[in-house]
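Trainee: Next comes model_37.cif, mmCIF, C-alpha atoms:
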```
data_structure
#
loop_
_atom_site.label_atom_id
_atom_site.label_comp_id
_atom_site.auth_asym_id
_atom_site.auth_seq_id
_atom_site.Cartn_x
_atom_site.Cartn_y
_atom_site.Cartn_z
CA MET Z 1 46.91 121.24 103.84
CA ARG Z 2 47.49 123.80 101.08
CA LEU Z 3 46.48 122.88 97.54
CA SER Z 4 47.83 124.24 94.32
CA ARG Z 5 45.64 126.55 92.25
CA ARG Z 6 45.07 123.80 89.68
CA SER Z 7 43.97 121.32 92.34
CA THR Z 8 41.62 123.88 93.90
CA LEU Z 9 40.00 124.61 90.55
CA ALA Z 10 39.66 120.88 89.83
CA LEU Z 11 37.97 120.27 93.18
CA ARG Z 12 35.59 123.19 92.65
CA GLY Z 13 34.74 121.89 89.20
CA ALA Z 14 34.07 118.40 90.57
CA VAL Z 15 31.78 119.85 93.25
CA GLY Z 16 29.94 121.88 90.61
CA VAL Z 17 29.42 118.80 88.42
CA ALA Z 18 28.17 116.75 91.38
CA LEU Z 19 25.70 119.46 92.43
CA ALA Z 20 24.47 119.88 88.85
CA PHE Z 21 23.99 116.12 88.53
CA ILE Z 22 21.84 116.12 91.68
CA TYR Z 23 19.83 119.31 91.34
CA ILE Z 24 19.22 119.88 87.61
CA PRO Z 25 16.49 117.16 87.49
CA LEU Z 26 14.79 118.81 90.48
CA LEU Z 27 14.96 122.15 88.70
CA VAL Z 28 13.31 120.60 85.64
CA ILE Z 29 10.43 119.29 87.79
CA ALA Z 30 10.05 122.74 89.33
CA ILE Z 31 9.78 124.31 85.88
CA TYR Z 32 7.23 121.72 84.76
CA ALA Z 33 5.09 122.58 87.80
CA PHE Z 34 4.43 125.97 86.13
CA ASN Z 35 3.88 124.50 82.65
CA SER Z 36 0.75 125.94 81.02
CA SER Z 37 0.24 122.76 78.99
CA LYS Z 38 -0.84 119.32 80.20
CA ILE Z 39 1.81 117.81 77.94
CA ALA Z 40 5.35 117.55 79.27
CA GLU Z 41 7.32 119.22 76.48
CA TRP Z 42 10.59 121.08 76.60
CA PRO Z 43 10.77 123.99 76.68
CA PRO Z 44 7.31 124.64 78.16
CA PRO Z 45 5.07 126.70 75.84
CA GLY Z 46 4.07 128.97 78.72
CA PHE Z 47 3.82 129.31 82.47
CA THR Z 48 0.85 129.36 84.84
CA LEU Z 49 -0.06 128.96 88.51
CA LYS Z 50 -3.39 127.21 87.95
CA TRP Z 51 -2.00 123.73 88.69
CA PHE Z 52 -1.15 124.75 92.24
CA GLY Z 53 -4.78 125.54 92.95
CA LYS Z 54 -5.90 122.24 91.43
CA ALA Z 55 -3.32 120.37 93.51
CA PHE Z 56 -4.65 121.86 96.75
CA GLU Z 57 -8.20 121.02 95.66
CA ASN Z 58 -7.32 117.37 94.95
CA GLU Z 59 -8.94 115.36 97.75
CA ALA Z 60 -6.93 112.19 97.04
CA ALA Z 61 -3.66 114.10 97.31
CA ARG Z 62 -4.74 115.69 100.61
CA GLU Z 63 -5.69 112.32 102.07
CA ALA Z 64 -2.39 110.81 100.90
CA LEU Z 65 -0.53 113.69 102.54
CA LEU Z 66 -2.36 113.10 105.82
CA THR Z 67 -1.54 109.38 105.68
CA SER Z 68 2.15 110.15 105.09
CA LEU Z 69 2.18 112.54 108.04
CA LYS Z 70 0.58 109.95 110.32
CA ALA Z 71 3.01 107.24 109.23
CA GLY Z 72 6.04 109.53 109.52
CA LEU Z 73 5.18 110.86 112.97
CA ALA Z 74 4.33 107.43 114.39
CA ALA Z 75 7.43 105.77 112.91
CA THR Z 76 9.60 108.61 114.23
CA ALA Z 77 8.14 108.23 117.73
CA ILE Z 78 8.86 104.49 117.73
CA ALA Z 79 12.35 105.09 116.38
CA LEU Z 80 13.10 107.67 119.08
CA VAL Z 81 12.21 105.27 121.87
CA LEU Z 82 13.83 102.10 120.52
CA GLY Z 83 16.83 103.83 118.92
CA THR Z 84 17.63 105.71 122.13
CA LEU Z 85 17.34 102.61 124.29
CA ALA Z 86 19.56 100.61 121.93
CA SER Z 87 22.19 103.36 121.83
CA LEU Z 88 22.24 103.62 125.64
CA ALA Z 89 22.74 99.88 125.93
CA VAL Z 90 25.59 99.81 123.40
CA ALA Z 91 27.38 103.02 124.43
CA ARG Z 92 27.03 102.81 128.21
CA HIS Z 93 27.36 99.08 128.95
CA ARG Z 94 29.81 96.31 128.13
CA PHE Z 95 28.42 92.84 127.47
CA PHE Z 96 29.02 89.83 125.27
CA GLY Z 97 27.90 90.43 121.67
CA ARG Z 98 27.71 94.21 121.98
CA GLU Z 99 29.33 94.88 118.60
CA THR Z 100 27.13 92.24 116.98
CA ILE Z 101 24.01 93.94 118.30
CA SER Z 102 25.30 97.29 117.04
CA PHE Z 103 25.81 95.75 113.59
CA LEU Z 104 22.33 94.19 113.59
CA VAL Z 105 20.69 97.51 114.52
CA VAL Z 106 22.40 99.32 111.63
CA LEU Z 107 21.93 96.53 109.07
CA PRO Z 108 18.29 97.27 108.00
CA ILE Z 109 19.18 100.56 106.36
CA ALA Z 110 21.82 98.82 104.21
CA LEU Z 111 19.46 96.11 102.95
CA PRO Z 112 17.65 96.65 99.62
CA GLY Z 113 14.24 98.14 100.24
CA ILE Z 114 12.51 95.50 98.16
CA VAL Z 115 13.99 92.73 100.32
CA THR Z 116 12.83 94.46 103.50
CA GLY Z 117 9.40 95.07 101.99
CA VAL Z 118 8.87 91.46 100.90
CA ALA Z 119 10.12 90.14 104.24
CA LEU Z 120 7.79 92.41 106.21
CA SER Z 121 4.81 91.66 103.97
CA ASN Z 122 5.25 87.90 104.32
CA THR Z 123 5.75 88.18 108.07
CA PHE Z 124 2.62 90.25 108.57
CA THR Z 125 0.29 88.34 106.26
CA GLN Z 126 1.59 84.76 106.39
CA VAL Z 127 3.19 84.37 109.82
CA LEU Z 128 1.27 86.79 112.04
CA GLY Z 129 -1.99 86.82 110.08
CA ILE Z 130 -2.23 90.63 110.16
CA ASP Z 131 -3.91 92.49 107.33
CA LEU Z 132 -1.82 95.17 105.66
CA SER Z 133 -2.80 98.64 106.85
CA LEU Z 134 -1.37 101.92 108.09
CA PHE Z 135 -0.11 100.05 111.16
CA THR Z 136 2.06 97.74 109.05
CA VAL Z 137 3.41 100.75 107.15
CA ILE Z 138 4.40 102.41 110.44
CA VAL Z 139 6.17 99.27 111.66
CA GLY Z 140 7.94 98.90 108.31
CA HIS Z 141 9.15 102.51 108.35
CA ALA Z 142 10.26 102.24 111.97
CA THR Z 143 12.67 99.42 111.08
CA PHE Z 144 14.94 101.78 109.17
CA CYS Z 145 14.11 104.99 111.06
CA ILE Z 146 15.55 103.38 114.19
CA VAL Z 147 18.94 103.28 112.47
CA VAL Z 148 18.98 107.05 111.93
CA VAL Z 149 18.14 107.81 115.56
CA TYR Z 150 20.55 105.15 116.82
CA ASN Z 151 23.48 106.51 114.80
CA ASN Z 152 22.92 110.08 116.01
CA VAL Z 153 22.45 109.19 119.67
CA VAL Z 154 25.23 106.61 119.95
CA ALA Z 155 27.68 109.04 118.34
CA ARG Z 156 26.74 111.70 120.89
CA LEU Z 157 27.01 109.28 123.82
CA ARG Z 158 30.47 108.20 122.72
CA ARG Z 159 31.58 111.86 122.73
CA THR Z 160 29.97 112.59 126.10
CA SER Z 161 31.85 111.77 129.29
CA VAL Z 162 30.18 109.49 131.82
CA SER Z 163 31.65 111.50 134.70
CA PHE Z 164 28.52 113.65 135.03
CA GLU Z 165 26.31 110.57 135.23
CA GLU Z 166 28.62 109.02 137.80
CA ALA Z 167 28.61 112.24 139.82
CA SER Z 168 24.80 112.27 139.72
CA ALA Z 169 24.70 108.71 141.04
CA ASP Z 170 27.22 109.56 143.77
CA LEU Z 171 24.98 112.42 144.89
CA GLY Z 172 22.08 110.02 145.43
CA ALA Z 173 20.12 110.29 142.18
CA ASP Z 174 18.50 107.10 140.94
CA THR Z 175 18.77 105.86 137.34
CA TRP Z 176 15.67 107.68 136.10
CA GLN Z 177 16.66 110.97 137.74
CA THR Z 178 20.13 110.76 136.23
CA PHE Z 179 18.70 110.06 132.80
CA ARG Z 180 16.12 112.86 133.03
CA HIS Z 181 18.38 115.57 134.45
CA VAL Z 182 21.84 114.64 133.09
CA THR Z 183 21.78 112.25 130.14
CA LEU Z 184 18.69 113.49 128.30
CA PRO Z 185 19.70 117.19 128.20
CA SER Z 186 23.02 116.23 126.61
CA LEU Z 187 21.15 114.26 123.94
CA LYS Z 188 18.57 116.89 122.97
CA THR Z 189 20.17 118.02 119.74
CA ALA Z 190 21.07 114.47 118.71
CA LEU Z 191 17.50 113.33 119.33
CA GLY Z 192 16.15 116.33 117.44
CA ALA Z 193 18.40 115.73 114.44
CA GLY Z 194 17.64 112.01 114.46
CA ALA Z 195 13.89 112.63 114.65
CA LEU Z 196 13.94 115.13 111.78
CA LEU Z 197 15.98 112.83 109.54
CA ALA Z 198 13.83 109.82 110.45
CA PHE Z 199 10.65 111.72 109.60
CA ALA Z 200 12.07 112.87 106.26
CA LEU Z 201 13.14 109.30 105.47
CA SER Z 202 9.70 107.92 106.33
CA PHE Z 203 7.82 110.67 104.48
CA ASP Z 204 9.63 109.94 101.20
CA GLU Z 205 9.69 106.12 101.45
CA ILE Z 206 8.01 104.24 98.60
CA ILE Z 207 9.55 100.76 98.22
CA VAL Z 208 8.83 99.36 101.69
CA THR Z 209 5.49 101.19 101.66
CA THR Z 210 4.45 99.42 98.47
CA PHE Z 211 4.73 96.01 100.16
CA THR Z 212 3.23 96.96 103.53
CA LEU Z 213 0.39 99.29 102.51
CA GLY Z 214 -3.21 98.16 102.64
CA ALA Z 215 -5.63 98.45 99.74
CA ARG Z 216 -7.54 101.34 101.33
CA GLU Z 217 -4.55 103.55 102.25
CA GLU Z 218 -2.27 105.61 100.06
CA THR Z 219 0.76 107.67 101.07
CA LEU Z 220 1.85 110.70 99.11
CA PRO Z 221 4.81 109.03 97.32
CA ILE Z 222 2.51 106.15 96.32
CA TRP Z 223 -0.07 108.65 95.05
CA ILE Z 224 2.59 110.39 92.97
CA PHE Z 225 3.77 107.10 91.47
CA ARG Z 226 0.26 105.90 90.62
CA ASN Z 227 -0.71 109.16 88.93
CA LEU Z 228 2.60 109.78 87.18
CA PHE Z 229 1.51 108.03 83.98
CA ARG Z 230 -1.98 109.56 83.82
CA PRO Z 231 -1.83 112.49 81.36
CA ASN Z 232 -4.62 114.44 83.03
CA GLU Z 233 -2.95 114.22 86.43
CA LEU Z 234 0.66 114.84 85.34
CA PRO Z 235 0.67 118.64 85.92
CA ILE Z 236 -0.74 118.15 89.42
CA VAL Z 237 1.84 115.43 90.09
CA ASN Z 238 4.61 117.87 89.16
CA VAL Z 239 3.23 120.44 91.61
CA VAL Z 240 2.92 117.88 94.42
CA ALA Z 241 6.46 116.65 93.72
CA VAL Z 242 7.80 120.20 94.08
CA LEU Z 243 5.91 120.66 97.34
CA VAL Z 244 7.30 117.35 98.64
CA VAL Z 245 10.84 118.48 97.80
CA LEU Z 246 10.29 121.75 99.65
CA ALA Z 247 8.76 119.93 102.62
CA SER Z 248 11.67 117.49 102.73
CA ILE Z 249 14.23 120.29 102.76
CA ILE Z 250 12.95 121.69 106.06
CA PRO Z 251 13.67 118.73 108.38
CA VAL Z 252 16.99 117.98 106.67
CA TYR Z 253 18.08 121.61 107.01
CA LEU Z 254 17.04 121.77 110.66
CA ALA Z 255 18.86 118.50 111.39
CA HIS Z 256 21.97 119.87 109.71
CA ARG Z 257 21.78 123.06 111.80
CA LEU Z 258 21.36 121.10 115.02
CA THR Z 259 24.37 118.87 114.37
CA ARG Z 260 26.51 121.80 113.21
CA GLU Z 261 25.65 123.94 116.22
CA GLU Z 262 26.36 121.04 118.57
CA GLY Z 263 29.69 120.43 116.86
CA GLY Z 264 30.59 124.09 117.31
CA ALA Z 265 29.60 123.98 120.97
CA VAL Z 266 31.74 120.89 121.54
CA SER Z 267 34.71 122.56 119.85
CA ARG Z 268 34.32 125.73 121.92
CA GLY Z 269 33.89 123.68 125.08
CA GLY Z 270 37.03 121.68 124.36
CA ARG Z 271 39.05 124.83 123.71
CA GLY Z 272 37.69 126.39 126.90
CA LYS Z 273 38.94 123.44 128.93
CA GLU Z 274 42.37 123.74 127.32
CA LEU Z 275 42.56 127.45 128.18
CA GLU Z 276 41.43 126.74 131.74
CA ALA Z 277 44.13 124.09 132.12
CA GLU Z 278 46.76 126.46 130.74
CA THR Z 279 45.64 129.24 133.10
CA THR Z 280 45.73 126.92 136.08
CA ALA Z 281 49.20 125.71 135.19
CA VAL Z 282 50.59 129.26 135.18
CA PRO Z 283 51.98 130.18 138.68
#
```
Represent the supplied structure as structure tokens.

Mentor:
Amino acid sequence: MRLSRRSTLALRGAVGVALAFIYIPLLVIAIYAFNSSKIAEWPPPGFTLKWFGKAFENEAAREALLTSLKAGLAATAIALVLGTLASLAVARHRFFGRETISFLVVLPIALPGIVTGVALSNTFTQVLGIDLSLFTVIVGHATFCIVVVYNNVVARLRRTSVSFEEASADLGADTWQTFRHVTLPSLKTALGAGALLAFALSFDEIIVTTFTLGAREETLPIWIFRNLFRPNELPIVNVVAVLVVLASIIPVYLAHRLTREEGGAVSRGGRGKELEAETTAVP
């Protein structure tokens, strides 16, 4: 569809406004990370790198980072297993209530985080009698990380023909062999993208974490929030926030590359089949 010059300029302007709305606050935080003063004033009176050294020396921040990494990796591992199994059940089998199950799997990510957090906290402490700890944080994060993995894998399965799996079964392979040699290789990029997005989502989570975190643990987003209103810690908080933004960009970028490359491969594969059919049809 061809657009007029005026429409093209309007769309470009809208995109520019949207990007500015999203990224200007992040740019302000980045500038404050180099602020030479402890006071957040605009414009900064000077620039320095000393806060980066103090941030790396902060033991509480390092421990919070380690806790966030543990929670993110564990929640991602759980999400990979459960999300993949759920997507295989929904995409490869027909049974009563299949669409309802698909809806229920996706629902947690649409619920307000505070509702999920309160529900999990009450379930752990009141119903199950479990003390809040890193384990409860991991379970809480896994509830919405599963959705990310499920969406990526089920979309890939719906675009992948079952003929290869049927051929594998016809050749004598059992279910596990077919999954390991046929199904799993076709899901590698979807699993990779889902895992990266799930980890990024878990690493930045604060609302559910607030209601499921024990008194002795502290994730990095919680550490940032608790120290945000302490004047002596504010410059270090700005530095840590910038580092978190940079760390979050990596998995999101890699997930984007994986999905884009897979989409290109699918397009090239589809075109190749068309050309092969055309060549075969020519006498």

Trainee: Convert the output of the PyMOL selection byres ((chain Z and resi 149) around 12) on the shown file into explicit residues, formatted as a ChimeraX atom specification.

Mentor: /Z:75-88,105-106,109,142-148,150-156,187-199,201,255

Trainee: Would you write out those residues with C-alpha atoms, as a PDB file, keeping the file's coordinate frame?

Mentor:
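part01.pdb, freshly written:
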```
ATOM      1  CA  ALA Z  75       7.430 105.770 112.910  1.00  0.00           C
ATOM      2  CA  THR Z  76       9.600 108.610 114.230  1.00  0.00           C
ATOM      3  CA  ALA Z  77       8.140 108.230 117.730  1.00  0.00           C
ATOM      4  CA  ILE Z  78       8.860 104.490 117.730  1.00  0.00           C
ATOM      5  CA  ALA Z  79      12.350 105.090 116.380  1.00  0.00           C
ATOM      6  CA  LEU Z  80      13.100 107.670 119.080  1.00  0.00           C
ATOM      7  CA  VAL Z  81      12.210 105.270 121.870  1.00  0.00           C
ATOM      8  CA  LEU Z  82      13.830 102.100 120.520  1.00  0.00           C
ATOM      9  CA  GLY Z  83      16.830 103.830 118.920  1.00  0.00           C
ATOM     10  CA  THR Z  84      17.630 105.710 122.130  1.00  0.00           C
ATOM     11  CA  LEU Z  85      17.340 102.610 124.290  1.00  0.00           C
ATOM     12  CA  ALA Z  86      19.560 100.610 121.930  1.00  0.00           C
ATOM     13  CA  SER Z  87      22.190 103.360 121.830  1.00  0.00           C
ATOM     14  CA  LEU Z  88      22.240 103.620 125.640  1.00  0.00           C
ATOM     15  CA  VAL Z 105      20.690  97.510 114.520  1.00  0.00           C
ATOM     16  CA  VAL Z 106      22.400  99.320 111.630  1.00  0.00           C
ATOM     17  CA  ILE Z 109      19.180 100.560 106.360  1.00  0.00           C
ATOM     18  CA  ALA Z 142      10.260 102.240 111.970  1.00  0.00           C
ATOM     19  CA  THR Z 143      12.670  99.420 111.080  1.00  0.00           C
ATOM     20  CA  PHE Z 144      14.940 101.780 109.170  1.00  0.00           C
ATOM     21  CA  CYS Z 145      14.110 104.990 111.060  1.00  0.00           C
ATOM     22  CA  ILE Z 146      15.550 103.380 114.190  1.00  0.00           C
ATOM     23  CA  VAL Z 147      18.940 103.280 112.470  1.00  0.00           C
ATOM     24  CA  VAL Z 148      18.980 107.050 111.930  1.00  0.00           C
ATOM     25  CA  TYR Z 150      20.550 105.150 116.820  1.00  0.00           C
ATOM     26  CA  ASN Z 151      23.480 106.510 114.800  1.00  0.00           C
ATOM     27  CA  ASN Z 152      22.920 110.080 116.010  1.00  0.00           C
ATOM     28  CA  VAL Z 153      22.450 109.190 119.670  1.00  0.00           C
ATOM     29  CA  VAL Z 154      25.230 106.610 119.950  1.00  0.00           C
ATOM     30  CA  ALA Z 155      27.680 109.040 118.340  1.00  0.00           C
ATOM     31  CA  ARG Z 156      26.740 111.700 120.890  1.00  0.00           C
ATOM     32  CA  LEU Z 187      21.150 114.260 123.940  1.00  0.00           C
ATOM     33  CA  LYS Z 188      18.570 116.890 122.970  1.00  0.00           C
ATOM     34  CA  THR Z 189      20.170 118.020 119.740  1.00  0.00           C
ATOM     35  CA  ALA Z 190      21.070 114.470 118.710  1.00  0.00           C
ATOM     36  CA  LEU Z 191      17.500 113.330 119.330  1.00  0.00           C
ATOM     37  CA  GLY Z 192      16.150 116.330 117.440  1.00  0.00           C
ATOM     38  CA  ALA Z 193      18.400 115.730 114.440  1.00  0.00           C
ATOM     39  CA  GLY Z 194      17.640 112.010 114.460  1.00  0.00           C
ATOM     40  CA  ALA Z 195      13.890 112.630 114.650  1.00  0.00           C
ATOM     41  CA  LEU Z 196      13.940 115.130 111.780  1.00  0.00           C
ATOM     42  CA  LEU Z 197      15.980 112.830 109.540  1.00  0.00           C
ATOM     43  CA  ALA Z 198      13.830 109.820 110.450  1.00  0.00           C
ATOM     44  CA  PHE Z 199      10.650 111.720 109.600  1.00  0.00           C
ATOM     45  CA  LEU Z 201      13.140 109.300 105.470  1.00  0.00           C
ATOM     46  CA  ALA Z 255      18.860 118.500 111.390  1.00  0.00           C
TER      47      ALA Z 255
END
```

Trainee: Given the point (-3.0, 125.9, 84.9) in the coordinates of this file, which residues lie within 9 Å, counting only C-alpha atoms, and how would they look as a PDB file with C-alpha atoms, keeping the file's coordinate frame?

Mentor:
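Writing done, so here's selection-v3.pdb:
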```pdb
ATOM      1  CA  PHE Z  34       4.430 125.970  86.130  1.00  0.00           C
ATOM      2  CA  ASN Z  35       3.880 124.500  82.650  1.00  0.00           C
ATOM      3  CA  SER Z  36       0.750 125.940  81.020  1.00  0.00           C
ATOM      4  CA  SER Z  37       0.240 122.760  78.990  1.00  0.00           C
ATOM      5  CA  LYS Z  38      -0.840 119.320  80.200  1.00  0.00           C
ATOM      6  CA  PHE Z  47       3.820 129.310  82.470  1.00  0.00           C
ATOM      7  CA  THR Z  48       0.850 129.360  84.840  1.00  0.00           C
ATOM      8  CA  LEU Z  49      -0.060 128.960  88.510  1.00  0.00           C
ATOM      9  CA  LYS Z  50      -3.390 127.210  87.950  1.00  0.00           C
ATOM     10  CA  TRP Z  51      -2.000 123.730  88.690  1.00  0.00           C
ATOM     11  CA  PHE Z  52      -1.150 124.750  92.240  1.00  0.00           C
ATOM     12  CA  GLY Z  53      -4.780 125.540  92.950  1.00  0.00           C
ATOM     13  CA  LYS Z  54      -5.900 122.240  91.430  1.00  0.00           C
ATOM     14  CA  PRO Z 235       0.670 118.640  85.920  1.00  0.00           C
TER      15      PRO Z 235
END
```

Trainee: Any idea what the distance is between atom CA of Pro251 of chain Z and atom CA of Ala64 of chain Z?

Mentor: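 Atom-to-atom, atom CA of Pro251 of chain Z and atom CA of Ala64 of chain Z are spaced 19.4 Å apart.
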
Trainee: Could you name the residues that touch Leu134 of chain Z at 8 Å or less, counting only C-alpha atoms, but leaving out those on the same chain fewer than 5 positions away, as a PDB file with C-alpha atoms, in the coordinates of the input?

Mentor:
```
ATOM      1  CA  THR Z  67      -1.540 109.380 105.680  1.00  0.00           C
ATOM      2  CA  ALA Z  71       3.010 107.240 109.230  1.00  0.00           C
ATOM      3  CA  LEU Z 213       0.390  99.290 102.510  1.00  0.00           C
ATOM      4  CA  GLY Z 214      -3.210  98.160 102.640  1.00  0.00           C
ATOM      5  CA  GLU Z 217      -4.550 103.550 102.250  1.00  0.00           C
TER       6      GLU Z 217
END
```

Trainee: With distances taken over only C-alpha atoms, which of Z:Ala200, Z:Leu104, Z:Leu184, Z:Leu111 is nearest to Ile249 of chain Z?

Mentor: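 Of Z:Ala200, Z:Leu104, Z:Leu184, Z:Leu111, the one nearest Ile249 of chain Z, counting only C-alpha atoms, is Z:Ala200.
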
Trainee: In Å, with one decimal, what is the gap from atom CA of Tyr253 of chain Z to atom CA of Ala60 of chain Z?

Mentor: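 If I compute the distance from atom CA of Tyr253 of chain Z to atom CA of Ala60 of chain Z, I get 28.5 Å.
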
Trainee: Go ahead and fit an axis-aligned box to every listed atom of segment 102-112 of chain Z plus 8 Å each side, and pass me the centre and edge lengths in Å, one decimal, as JSON.

Mentor:
```
{"center_x": 21.7, "center_y": 97.4, "center_z": 108.3, "size_x": 24.2, "size_y": 22.4, "size_z": 33.4}
```

Trainee: What's the separation between atom CA of Leu234 of chain Z and atom CA of Ala61 of chain Z, in Å to one decimal place?

Mentor: 12.7 Å

Trainee: Care to translate the PyMOL selection byres ((chain Z and resi 28-31) around 8) into actual residues of this file, as a ChimeraX atom specification?

Mentor: /Z:24-27,32-35,238-239,241-242

Trainee: For the residues selected in the previous step, produce a file with C-alpha atoms as a short mmCIF file (atom, residue, chain, number, x, y, z; two decimals), keeping the file's coordinate frame.

Mentor:
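New file part-v7.cif:
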```
data_model
loop_
_atom_site.label_atom_id
_atom_site.label_comp_id
_atom_site.auth_asym_id
_atom_site.auth_seq_id
_atom_site.Cartn_x
_atom_site.Cartn_y
_atom_site.Cartn_z
CA ILE Z 24 19.22 119.88 87.61
CA PRO Z 25 16.49 117.16 87.49
CA LEU Z 26 14.79 118.81 90.48
CA LEU Z 27 14.96 122.15 88.70
CA TYR Z 32 7.23 121.72 84.76
CA ALA Z 33 5.09 122.58 87.80
CA PHE Z 34 4.43 125.97 86.13
CA ASN Z 35 3.88 124.50 82.65
CA ASN Z 238 4.61 117.87 89.16
CA VAL Z 239 3.23 120.44 91.61
CA ALA Z 241 6.46 116.65 93.72
CA VAL Z 242 7.80 120.20 94.08
#
```

Trainee: So which residues get picked by the PyMOL selection byres ((chain Z and resi 116) around 12) here, written as an mmCIF file with C-alpha atoms, in the coordinates of the input?

Mentor:
```cif
data_model
loop_
_atom_site.group_PDB
_atom_site.id
_atom_site.type_symbol
_atom_site.label_atom_id
_atom_site.label_comp_id
_atom_site.auth_asym_id
_atom_site.auth_seq_id
_atom_site.Cartn_x
_atom_site.Cartn_y
_atom_site.Cartn_z
ATOM 1 C CA LEU Z 107 21.930 96.530 109.070
ATOM 2 C CA PRO Z 108 18.290 97.270 108.000
ATOM 3 C CA ILE Z 109 19.180 100.560 106.360
ATOM 4 C CA ALA Z 110 21.820 98.820 104.210
ATOM 5 C CA LEU Z 111 19.460 96.110 102.950
ATOM 6 C CA PRO Z 112 17.650 96.650 99.620
ATOM 7 C CA GLY Z 113 14.240 98.140 100.240
ATOM 8 C CA ILE Z 114 12.510 95.500 98.160
ATOM 9 C CA VAL Z 115 13.990 92.730 100.320
ATOM 10 C CA GLY Z 117 9.400 95.070 101.990
ATOM 11 C CA VAL Z 118 8.870 91.460 100.900
ATOM 12 C CA ALA Z 119 10.120 90.140 104.240
ATOM 13 C CA LEU Z 120 7.790 92.410 106.210
ATOM 14 C CA SER Z 121 4.810 91.660 103.970
ATOM 15 C CA ASN Z 122 5.250 87.900 104.320
ATOM 16 C CA THR Z 123 5.750 88.180 108.070
ATOM 17 C CA VAL Z 137 3.410 100.750 107.150
ATOM 18 C CA VAL Z 139 6.170 99.270 111.660
ATOM 19 C CA GLY Z 140 7.940 98.900 108.310
ATOM 20 C CA HIS Z 141 9.150 102.510 108.350
ATOM 21 C CA ALA Z 142 10.260 102.240 111.970
ATOM 22 C CA THR Z 143 12.670 99.420 111.080
ATOM 23 C CA PHE Z 144 14.940 101.780 109.170
ATOM 24 C CA ILE Z 206 8.010 104.240 98.600
ATOM 25 C CA ILE Z 207 9.550 100.760 98.220
ATOM 26 C CA VAL Z 208 8.830 99.360 101.690
ATOM 27 C CA THR Z 209 5.490 101.190 101.660
ATOM 28 C CA THR Z 210 4.450 99.420 98.470
ATOM 29 C CA PHE Z 211 4.730 96.010 100.160
ATOM 30 C CA THR Z 212 3.230 96.960 103.530
#
```

Trainee: From the options Z:Ser168, Z:Gln126, Z:Thr219, Z:Ser163, which residue's atoms come nearest to His181 of chain Z, counting all atoms listed in the file?

Mentor: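 When distances to His181 of chain Z are compared using all atoms listed in the file, the smallest one comes from Z:Ser168.
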